[in-house]
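Trainee: Contents of final_21.pdb (PDB, C-alpha atoms, pLDDT in the B column) are given next:
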ATOM      1  CA  MET Q   7     180.984 -59.536 -71.380  1.00 77.00           C
ATOM      2  CA  ALA Q   8     181.475 -56.108 -69.810  1.00 86.00           C
ATOM      3  CA  TRP Q   9     178.719 -54.852 -67.519  1.00 90.00           C
ATOM      4  CA  ARG Q  10     177.726 -51.188 -67.257  1.00 90.00           C
ATOM      5  CA  VAL Q  11     178.195 -49.486 -63.913  1.00 89.00           C
ATOM      6  CA  LEU Q  12     176.099 -46.392 -63.300  1.00 90.00           C
ATOM      7  CA  PHE Q  13     176.445 -44.011 -60.366  1.00 92.00           C
ATOM      8  CA  PHE Q  14     173.329 -43.109 -58.381  1.00 92.00           C
ATOM      9  CA  GLN Q  15     171.953 -39.719 -59.423  1.00 96.00           C
ATOM     10  CA  THR Q  16     169.630 -37.653 -57.220  1.00 97.00           C
ATOM     11  CA  THR Q  17     166.599 -35.830 -58.596  1.00 98.00           C
ATOM     12  CA  ARG Q  18     168.717 -32.663 -58.420  1.00 98.00           C
ATOM     13  CA  GLY Q  19     171.244 -34.201 -60.789  1.00 97.00           C
ATOM     14  CA  GLU Q  20     173.931 -34.768 -58.146  1.00 97.00           C
ATOM     15  CA  TYR Q  21     176.112 -37.876 -57.902  1.00 97.00           C
ATOM     16  CA  PRO Q  22     176.826 -38.305 -54.160  1.00 97.00           C
ATOM     17  CA  VAL Q  23     178.746 -41.587 -54.504  1.00 95.00           C
ATOM     18  CA  LYS Q  24     180.971 -40.193 -57.258  1.00 95.00           C
ATOM     19  CA  GLU Q  25     181.565 -37.046 -55.195  1.00 96.00           C
ATOM     20  CA  PHE Q  26     182.478 -39.177 -52.164  1.00 94.00           C
ATOM     21  CA  ILE Q  27     184.988 -41.184 -54.207  1.00 94.00           C
ATOM     22  CA  GLU Q  28     186.604 -38.012 -55.547  1.00 95.00           C
ATOM     23  CA  LYS Q  29     187.247 -36.807 -51.970  1.00 94.00           C
ATOM     24  CA  GLN Q  30     189.273 -39.898 -51.027  1.00 92.00           C
ATOM     25  CA  ASP Q  31     193.066 -40.198 -51.053  1.00 91.00           C
ATOM     26  CA  GLY Q  32     194.823 -41.693 -54.091  1.00 92.00           C
ATOM     27  CA  ASN Q  33     195.337 -45.120 -52.514  1.00 91.00           C
ATOM     28  CA  THR Q  34     191.661 -45.449 -51.627  1.00 91.00           C
ATOM     29  CA  VAL Q  35     190.541 -44.246 -55.074  1.00 94.00           C
ATOM     30  CA  ALA Q  36     192.765 -46.913 -56.660  1.00 94.00           C
ATOM     31  CA  LYS Q  37     191.129 -49.633 -54.518  1.00 93.00           C
ATOM     32  CA  ILE Q  38     187.659 -48.330 -55.364  1.00 94.00           C
ATOM     33  CA  ASN Q  39     188.501 -48.289 -59.077  1.00 95.00           C
ATOM     34  CA  LEU Q  40     189.764 -51.887 -58.836  1.00 94.00           C
ATOM     35  CA  SER Q  41     186.500 -52.966 -57.204  1.00 93.00           C
ATOM     36  CA  ILE Q  42     184.456 -51.143 -59.850  1.00 94.00           C
ATOM     37  CA  ARG Q  43     186.558 -52.844 -62.539  1.00 95.00           C
ATOM     38  CA  LEU Q  44     185.738 -56.234 -60.965  1.00 93.00           C
ATOM     39  CA  LEU Q  45     182.069 -55.284 -61.026  1.00 92.00           C
ATOM     40  CA  ILE Q  46     182.314 -54.328 -64.716  1.00 94.00           C
ATOM     41  CA  ASP Q  47     184.044 -57.625 -65.518  1.00 95.00           C
ATOM     42  CA  TYR Q  48     181.926 -60.001 -63.407  1.00 93.00           C
ATOM     43  CA  GLY Q  49     178.637 -58.163 -62.832  1.00 88.00           C
ATOM     44  CA  PRO Q  50     176.160 -60.269 -60.855  1.00 82.00           C
ATOM     45  CA  PHE Q  51     178.626 -63.151 -60.697  1.00 89.00           C
ATOM     46  CA  LEU Q  52     180.923 -61.257 -58.323  1.00 91.00           C
ATOM     47  CA  LYS Q  53     181.028 -62.969 -54.912  1.00 92.00           C
ATOM     48  CA  PRO Q  54     181.956 -62.076 -51.318  1.00 92.00           C
ATOM     49  CA  PRO Q  55     184.100 -60.534 -49.991  1.00 91.00           C
ATOM     50  CA  ASP Q  56     183.727 -58.084 -52.906  1.00 92.00           C
ATOM     51  CA  ILE Q  57     179.963 -57.785 -52.556  1.00 92.00           C
ATOM     52  CA  LYS Q  58     177.341 -58.320 -49.875  1.00 91.00           C
ATOM     53  CA  LYS Q  59     173.642 -58.892 -50.495  1.00 88.00           C
ATOM     54  CA  LEU Q  60     171.587 -56.365 -48.543  1.00 90.00           C
ATOM     55  CA  GLN Q  61     168.128 -57.386 -49.748  1.00 91.00           C
ATOM     56  CA  ASN Q  62     166.422 -58.731 -52.853  1.00 88.00           C
ATOM     57  CA  LYS Q  63     168.267 -57.331 -55.913  1.00 79.00           C
ATOM     58  CA  LEU Q  64     170.263 -54.863 -53.789  1.00 84.00           C
ATOM     59  CA  TYR Q  65     173.972 -55.453 -53.236  1.00 86.00           C
ATOM     60  CA  GLU Q  66     176.764 -53.497 -51.588  1.00 89.00           C
ATOM     61  CA  LEU Q  67     180.130 -53.213 -53.336  1.00 90.00           C
ATOM     62  CA  ARG Q  68     182.746 -53.744 -50.631  1.00 90.00           C
ATOM     63  CA  ILE Q  69     186.197 -52.162 -50.843  1.00 87.00           C
ATOM     64  CA  GLN Q  70     189.020 -54.100 -49.192  1.00 79.00           C
ATOM     65  CA  GLY Q  71     191.470 -52.144 -47.067  1.00 70.00           C
ATOM     66  CA  ASN Q  72     192.080 -50.400 -43.757  1.00 69.00           C
ATOM     67  CA  HIS Q  73     189.076 -48.052 -44.147  1.00 61.00           C
ATOM     68  CA  GLN Q  74     186.020 -49.924 -45.317  1.00 55.00           C
TER      69      GLN Q  74
END
Show me this structure written as structure tokens.
Mentor:
Amino acid sequence: MAWRVLFFQTTRGEYPVKEFIEKQDGNTVAKINLSIRLLIDYGPFLKPPDIKKLQNKLYELRIQGNHQ
């Protein structure tokens, strides 16, 4: 089953996470896309080190590499 991944949108209609990703170098964007693909494939079943629980029902997607 494929999960849907949505980017956070501000009340002004901006997508700060998407904009941040677009500013990264090609290597970093590729790693981010791989992590997002894992999230789409595994959803809530994804485990560390790819995710970290921050609080109830709030998780951080973690990108592996030199610049985390």
Trainee: Go ahead and find all residues with at least one atom no further than 7 Å from (189.8, -52.4, -51.9) in the file's coordinates, using all atoms listed in the file; report them as a ChimeraX atom specification.
Mentor: /Q:37-38,40-41,69-71
Trainee: Pick the closest to Pro55 of chain Q from Q:Ala8, Q:Arg43, Q:Arg68, Q:Lys24: which is it, counting only C-alpha atoms?
Mentor: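 Of Q:Ala8, Q:Arg43, Q:Arg68, Q:Lys24, the one nearest Pro55 of chain Q is Q:Arg68, counting only C-alpha atoms.
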Trainee: Using only C-alpha atoms, which of the listed residues (Q:Met7, Q:Leu67, Q:Ala36, Q:Leu60) sits closest to Val23 of chain Q?
Mentor: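 Selected residue with least distance to Val23 of chain Q: Q:Leu67.
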Trainee: Do you have the atom CA of Pro50 of chain Q-atom CA of Arg18 of chain Q distance handy?
Mentor: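 Distance reported for this atom pair: 28.7 Å.
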Trainee: Would you mind reading off the distance between atom CA of Ile42 of chain Q and atom CA of Pro54 of chain Q, one decimal, in Å?
Mentor: 14.1 Å
Trainee: Could you jot down the atom CA of Asp47 of chain Q to atom CA of Trp9 of chain Q separation for me, Å, one decimal place?
Mentor: 6.3 Å
Trainee: Show me, as number ranges by chain, the residues that have an atom within 9 Å of Arg10 of chain Q when counting all atoms listed in the file, minus same-chain residues fewer than 6 positions from it.
Mentor: Q: 45-46, 49
Trainee: Between Q:Leu44, Q:Thr17, Q:Leu12, Q:Val35, single out the one closest to Asp56 of chain Q, counting all atoms listed in the file.
Mentor: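 Of all the options, Q:Leu44 lies closest to Asp56 of chain Q.
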Trainee: Residues within 12 Å of Phe26 of chain Q, please, as number ranges by chain. Count all atoms listed in the file; anything in the same chain fewer than 5 positions from it doesn't count.
Mentor: Q: 13-14, 20-21, 31, 34-35, 38
